[in-house]
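S.K.: Provided herewith is a single structure, encoded as structure tokens, for subsequent inquiry.
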Amino acid sequence: MIEIYNEKTIQQNFYTSKLLNRNIEHHLHSFWEITYCIDGEITHWVNDQPIKTHALSEILLIKPKDTHRITKDEDSLNTSPTFHRDIYVTPEKMKRCCDFLSPTLYKELLKKDFIILDGKQEYLETWEHSLKVFKNYSTYLKNDIEVLEKIHTSVVFQILSIYFKKFLQKTTYPAWINSFFTKLKSESCLCQSVEAITKEFNYSHAYLCREFKKHTGKTMVQCLNESRIIYSTLLLLDPKVSILEIAMRLNYSSQSAYCNAFKEIYNMSPKEWQKVQLNS
């Protein structure tokens with residue numbers, strides 16, 4: 001008999017768990033699970049298909065109604081325990097996060113047999129640093145639970161952004177739009193205006209704006225700003241860098257403009273977000 005992992009599992013583990021890499025028997029999910037190895041490596045069997053994940057590398061998304069089990073490869077040279085991270089997301093919350101990026105994203109995810117993403121080590125290390133705060137959630141007061149909810153949402157949003165940029169754009173967008181999104185991965189481009197980033201494209205600015213909005217449902221300015229804000233969370237982990245420095249570095253007109261843009265995505269100020277990360 002296959003064990004069913006339902007919302008009670010989420011409640012017991014409160015958003016996320018750091019788990020020992022070991023063999024885990026077949027179970028059925030009624031929620032979304034995002035998982036990656038912190039160290040070591042394990043093989044996930046999703047709907048009986050093997051998917052191997054390595055330390056701070058691949059990110060696996062498991063859908064509701066997927067069957068799942070884990071096998072750990074025996075390694076006689078490594079006797080110390082290794083761990084992986086699970087992040088739990090209800091279907092309702094996952095859909096809300098998806099809709100923020102694209103109205104068709106949630107349906108696209110459900111169509112996939114399985115979803116495996118290549119994760120940059122620095123992003124995974126940042127998420128792991130953020131999620132460590134959850135291990136002591138029982139010590140938090142009621143008001144602090146709202147902060148944890150926002151941290152959880154921010155991590156889910158960033159993971160979905162990786163999928164959105166990697167898969168949907170390559171298959172459905174014109175080449176110049178894919179090129180625009182590729183440029184947003186570079187800090188040097190994040191510091192520029194939309195006009196500067198697109199100056200090499202052989203179209204008028206009016207055409208670019210119109211076609212971009214038609215294909216993506218967002219403006220180029222919106223996508224540029226979202227990428228800046230996500231990148232800024234890496235800069236915020238350095239307490240020696242001031243909020244004003246980050247705002248100027250990413251070409252915001254003022255510190256308040258940066259703070260307002262940050263709140264649009266994370267529902268908290270950069271200072272509040274930084275305080276939670278550095279105190280976790």
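Residues in the structure tokens are named by chain (A, B, ... in the order shown) and by number from 1 within that chain; ligands are numbered from 1 in the order shown.
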Can you pull out every residue from region 102-235 of chain A that DSSP, working from the backbone, puts in strand (DSSP E), and format the result as an MDAnalysis selection string?
M.R.: chainID A and resid 115:118
S.K.: For the alpha helix (DSSP H) assignment from backbone DSSP, which residues of region 84-127 of chain A qualify? Please present them as a list of chain:residue names.
M.R.: A:Pro91, A:Glu92, A:Lys93, A:Met94, A:Lys95, A:Arg96, A:Cys97, A:Cys98, A:Asp99, A:Phe100, A:Leu101, A:Leu105, A:Tyr106, A:Lys107, A:Glu108, A:Leu109, A:Leu110, A:Lys111, A:Gln121, A:Glu122, A:Tyr123, A:Leu124, A:Glu125, A:Thr126, A:Trp127
S.K.: Residues at most 9 Å from region 20-35 of chain A, counting only C-alpha atoms, excluding those fewer than 6 positions away in the same chain, as a ChimeraX atom specification?
M.R.: /A:1-7,10,41-42,45,58-73,81-91,94,156,159
S.K.: Select, from A:Arg249, A:Lys213, A:Lys166, A:Lys150, the residue with the minimum atom-to-atom distance to Ser188 (chain A), counting only C-alpha atoms.
M.R.: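 Going through A:Arg249, A:Lys213, A:Lys166, A:Lys150 one by one, the smallest distance to Ser188 (chain A) is for A:Arg249.
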S.K.: Between A:Leu131, A:Arg210, A:Val221, A:Ser227, single out the one closest to Ser186 (chain A), counting only C-alpha atoms.
M.R.: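 With only C-alpha atoms as the atom set, the closest residue is A:Ser227.
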S.K.: Ranking A:Thr53, A:Gln192, A:Ser269, A:Thr43 by minimum distance to Leu224 (chain A) and counting only C-alpha atoms, which one comes first?
M.R.: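 Smallest separation from Leu224 (chain A) among the options: A:Gln192.
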S.K.: List the spatial neighbours of Lys95 (chain A) as an MDAnalysis selection string - criterion: any atom at most 12 Å away, only C-alpha atoms, same-chain residues fewer than 3 positions off excluded.
M.R.: chainID A and resid 31:32 63 89:92 98:110 153 156:157 160
S.K.: Please list as a PyMOL selection string every residue within 9 Å of Lys271 (chain A), counting only C-alpha atoms and excluding residues in the same chain fewer than 4 positions away.
M.R.: chain A and resi 236+243+259+275-276
S.K.: Could you work out how far CA of Cys209 (chain A) lies from CA of Leu234 (chain A), giving the answer in Å with one decimal?
M.R.: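 One can read the CA of Leu234 (chain A) to CA of Cys209 (chain A) distance as 28.9 Å.
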S.K.: Using CA of Tyr207 (chain A) and CA of Lys183 (chain A) as the two end points, give the distance in Å to one decimal.
M.R.: 19.0 Å
S.K.: Fewer than 4 positions away in the same chain doesn't count, so skip those; otherwise give me all residues within 10 Å of Phe201 (chain A), counting only C-alpha atoms, as a compact mmCIF listing (two decimals) with N, CA, C and O atoms, in the first residue's frame.
M.R.:
# COMPACT_ATOMS: atom_id res chain seq x y z
N TRP A 176 14.79 37.25 -30.25
CA TRP A 176 15.23 38.49 -29.61
C TRP A 176 14.71 38.59 -28.18
O TRP A 176 15.37 39.17 -27.31
N ILE A 177 13.53 37.98 -27.90
CA ILE A 177 13.02 37.98 -26.53
C ILE A 177 13.85 37.04 -25.66
O ILE A 177 14.20 37.36 -24.52
N SER A 179 16.92 36.42 -26.15
CA SER A 179 18.17 37.14 -25.96
C SER A 179 18.05 38.18 -24.85
O SER A 179 18.97 38.35 -24.03
N PHE A 180 16.90 38.84 -24.79
CA PHE A 180 16.66 39.83 -23.74
C PHE A 180 16.72 39.17 -22.37
O PHE A 180 17.38 39.67 -21.45
N GLU A 195 16.25 50.43 -22.87
CA GLU A 195 16.72 50.96 -24.15
C GLU A 195 18.17 50.56 -24.42
O GLU A 195 18.52 50.18 -25.55
N ILE A 197 19.78 47.94 -23.13
CA ILE A 197 19.88 46.49 -23.29
C ILE A 197 19.44 46.07 -24.69
O ILE A 197 20.01 45.14 -25.27
N HIS A 205 11.86 50.85 -30.85
CA HIS A 205 11.53 50.65 -29.44
C HIS A 205 10.04 50.39 -29.27
O HIS A 205 9.64 49.54 -28.44
N LEU A 208 9.35 46.75 -30.15
CA LEU A 208 9.85 45.85 -29.11
C LEU A 208 8.90 45.82 -27.92
O LEU A 208 8.58 44.74 -27.40
S.K.: So which one's closest to Ile151 (chain A), A:Ala206, A:Leu19, A:Leu184, A:Met268? Using only C-alpha atoms, please.
M.R.: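 Closest residue, counting only C-alpha atoms: A:Met268.
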S.K.: When distances are computed from only C-alpha atoms, which of A:Ser161, A:Thr216, A:Ser154, A:Ser256 shows the smallest separation from Tyr173 (chain A)?
M.R.: A:Thr216
S.K.: When you count only C-alpha atoms, which of these residues is closest to Pro270 (chain A): A:Gln158, A:Ser242, A:Ser254, A:Ser130?
M.R.: A:Ser242
S.K.: Calculate how many Å separate CA of Ser17 (chain A) from CA of Lys132 (chain A), rounding to one decimal.
M.R.: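 Separating CA of Ser17 (chain A) from CA of Lys132 (chain A) is a distance of 9.1 Å.
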